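Peer 1: After the structure tokens below, expect a handful of questions from me.
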Amino acid sequence: MGPYTCKECSSLQTMEQSHTTVISNSLSNGMSMHKNHFNGKIPPMPWFGMDIGGTLSKLVFFEPKDSITAQTEDETQLLFNVTKYLTKNSAYGKSGHRDAHQQMNNVKICNRIGTLHFIRFPTSEMNNFLELSKKKGMAASVSTVCATGGGAFKFEEMFKNELNLKLCKCDELDSLIRGLLFTVASNNNECYFWSQCTEDEQCSTQEYTFQYNKYPFIVVNIGSGVSVLAVYGPNNYKRISGTSIGGGTFLGLCSLLTGCNTFDEAIELAANGDNVKVDKLVRDIYGGSYSRFGLPGELVASSFGHMNSKEKRAQVSREDLARATLVTITNNIASIARMCALNERIDRVCFVGNFLRVNPISMKLLSHAMDYWSNGSQKAIFLNHEGYFGAIGCLLSFDERFKE
Ligand SMILES: Nc1ncnc2c1ncn2[C@@H]1O[C@H](COP(=O)(O)OP(=O)(O)OP(=O)(O)O)[C@@H](O)[C@H]1O
Ligand SMILES: CC(C)(CO)[C@@H](O)C(=O)NCCC(=O)O
């Protein structure tokens, strides 16, 4: 992960030519931060980081809360208008949402103290987002947007043509790791795990003190598709595996099988269904467990294995099908994560990505699978800002640009 991942941003490149002062590091994870004084100024606000994914676009907005005033009256007014629009609403247009519960206070970026606001909208609504940005004056007020995810490449021309905005492109996995390390370093209560996941009633979340400055660890990013990374240091990671069977697959298959229209609806259906009516279990084949190889009777032997029977098909509900789809996708991800962790000899596995949004069923399944098959040696860790690390890391790379 190089310091200059946003190489294409010409305005920032110009800024770099002015003199740079090293400031103290607000991250204690080894990523040193520097402040560039281009004529004594840092880039004009508002500051955004954007992660344009295959399904969802994530926008992180930095609202300054310190007493440092803007350089010009125009800047103050523009910032005021944008801040008011973004922070006084929690819905934007038809499909934009602000996740107020994830708001991060007292964050230090570019030596400014402020609040991070988290907004998401479907990437398929990009046209409407650009229209709204124009209408609300956001585009006019912003000089630079750091963007990551595949969409930073796919929509680059569109941003230029529609908003006259040049995207400062950052790599999505660099941004993910940078954002994750920063967030964990900034929030003591960012990480948690699920304990006692075999007993559904007793299964609950517990805060996890993640020693983020201790390496290595695995990151499994479950977005539309899945990327598995092994992180060996703040600037040292590799993408060790991936699968196309991810969050997009769950939503796609679930929509086909149940006719549901949204992710939240799919999860709600799954919460009220039973996969045992759809899946063939070990006990359906053995009459009990296959003890010789440690396969309990309740284990799914064959996902959707009952669905070849017309009789069984007549007995399943939409809820059962949604549950079976969720269990199938999640178990497959758990298997890949386990094998990766084993191969790399790493025991801490962080699961992130918006597939885990409002999705305790998958988190419990992942936790149980990691724990059970590793005899307790591998640990599944979850983070509160699940799907926003790419966008956070992207905003930070704005800051990182000011390295000497
Ligand atoms: N409101 C939502 N709308 C659509 N999908 C959602 C929503 N909330 C959660 N999801 C789930 O999150 C997944 C997208 O996650 P995420 O935003 O992390 O990935 P992405 O950046 O869009 O994808 P990729 O990284 O593969 O390009 C969806 O495939 C779906 O399973
Ligand atoms: C293509 C990306 C990296 C886009 O975020 C993601 O969707 C992904 O990792 N998909 C899985 C691709 C694979 O390894 O099979």
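Every chain in the structure tokens has a letter given in the order shown (A, B, ...), and although residue numbers restart at 1 in each chain, ligands are simply numbered from 1 in the order shown.
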Hey, what's within 6 Å of region 104-113 of chain A if we count only C-alpha atoms and toss same-chain stuff fewer than 2 positions away? As a ChimeraX atom specification, please?

Peer 2: /A:64-66,115-116,399

Peer 1: Could those selected residues go to a file with C-alpha atoms, as a tab-separated table (two decimals), in the first residue's frame?

Peer 2:
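Dumped to result-v2.tsv:
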```
chain	number	residue	atom	x	y	z
A	64	PRO	CA	-15.55	19.95	11.23
A	65	LYS	CA	-16.37	20.60	14.88
A	66	ASP	CA	-13.31	22.57	15.96
A	115	THR	CA	-17.62	14.11	13.02
A	116	LEU	CA	-17.83	11.45	10.35
A	399	ASP	CA	-4.92	13.16	4.34
```

Peer 1: May I ask you to write as number ranges by chain all residues lying at most 12 Å from ligand 2, with only C-alpha atoms and all ligand atoms counted?

Peer 2: A: 51-57, 148-154, 171-176, 219-229, 239-249, 333, 336, 353-355, 387, 390

Peer 1: Using only C-alpha atoms and all ligand atoms, which of the listed residues (A:Lys134, A:Arg120, A:Arg313, A:Lys214) sits closest to ligand 1?

Peer 2: A:Arg120

Peer 1: Just want the 8 Å neighbourhood of Asp284 (chain A), counted on only C-alpha atoms, with same-chain residues fewer than 4 positions away dropped. Output as a list in words.

Peer 2: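 Near Asp284 (chain A), the qualifying residues are Lys280, Gly288 and Gly297 of chain A.
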
Peer 1: Run DSSP on the backbone and grab whatever in region 137-208 of chain A lands in strand (DSSP E); send it over as a list of chain:residue names.

Peer 2: A:Val145, A:Cys146, A:Ala147, A:Thr148, A:Leu167, A:Cys168, A:Lys169, A:Cys191, A:Tyr192, A:Phe193, A:Trp194, A:Ser195, A:Ser204, A:Thr205, A:Gln206, A:Glu207

Peer 1: Pick out the residues sitting within 9 Å of Val316 (chain A), and hand them over as a ChimeraX atom specification; count only C-alpha atoms, and ignore anything fewer than 5 positions along from it in its own chain.

Peer 2: /A:274,277-278,321

Peer 1: Take the selection from the previous step and output its residues with N, CA and C atoms, as a PDB file, in the first residue's frame.

Peer 2:
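Result file part24.pdb:
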```pdb
ATOM      1  N   ASP A 274     -37.025 -21.717   8.069  1.00  0.00           N
ATOM      2  CA  ASP A 274     -36.276 -22.864   8.600  1.00  0.00           C
ATOM      3  C   ASP A 274     -35.592 -23.587   7.435  1.00  0.00           C
ATOM      4  N   LYS A 277     -36.064 -27.553   6.234  1.00  0.00           N
ATOM      5  CA  LYS A 277     -37.076 -28.041   5.290  1.00  0.00           C
ATOM      6  C   LYS A 277     -36.533 -28.078   3.852  1.00  0.00           C
ATOM      7  N   VAL A 278     -35.447 -27.357   3.645  1.00  0.00           N
ATOM      8  CA  VAL A 278     -34.899 -27.193   2.281  1.00  0.00           C
ATOM      9  C   VAL A 278     -33.607 -28.002   2.106  1.00  0.00           C
ATOM     10  N   LEU A 321     -37.055 -20.790   2.127  1.00  0.00           N
ATOM     11  CA  LEU A 321     -36.121 -20.656   0.996  1.00  0.00           C
ATOM     12  C   LEU A 321     -35.120 -19.523   1.239  1.00  0.00           C
TER      13      LEU A 321
END
```

Peer 1: Give me the residues within 6 Å of Phe304 (chain A) as a list in words, counting only C-alpha atoms and dropping any in the same chain fewer than 2 places off.

Peer 2: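 In the requested form, the answer reads Val278, Asp279, His306 and Met307 of chain A.
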
Peer 1: Which one of A:Thr87, A:Asn359, A:Ser141, A:Ser67 sits closest to ligand 1 if you count only C-alpha atoms and all ligand atoms?

Peer 2: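 Using only C-alpha atoms and all ligand atoms, the shortest distance to ligand 1 belongs to A:Asn359.
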
Peer 1: What's the 12 Å shell around Met158 (chain A), counting only C-alpha atoms, without same-chain residues fewer than 4 positions away, as a list in words?

Peer 2: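 Skipping anything fewer than 4 positions along the chain leaves Met126, Asn127, Phe129, Leu130, Glu131, Gly151, Ala152, Phe153, Lys154, Glu162, Leu163, Asn164, Leu165, Lys166 and Leu167 of chain A.
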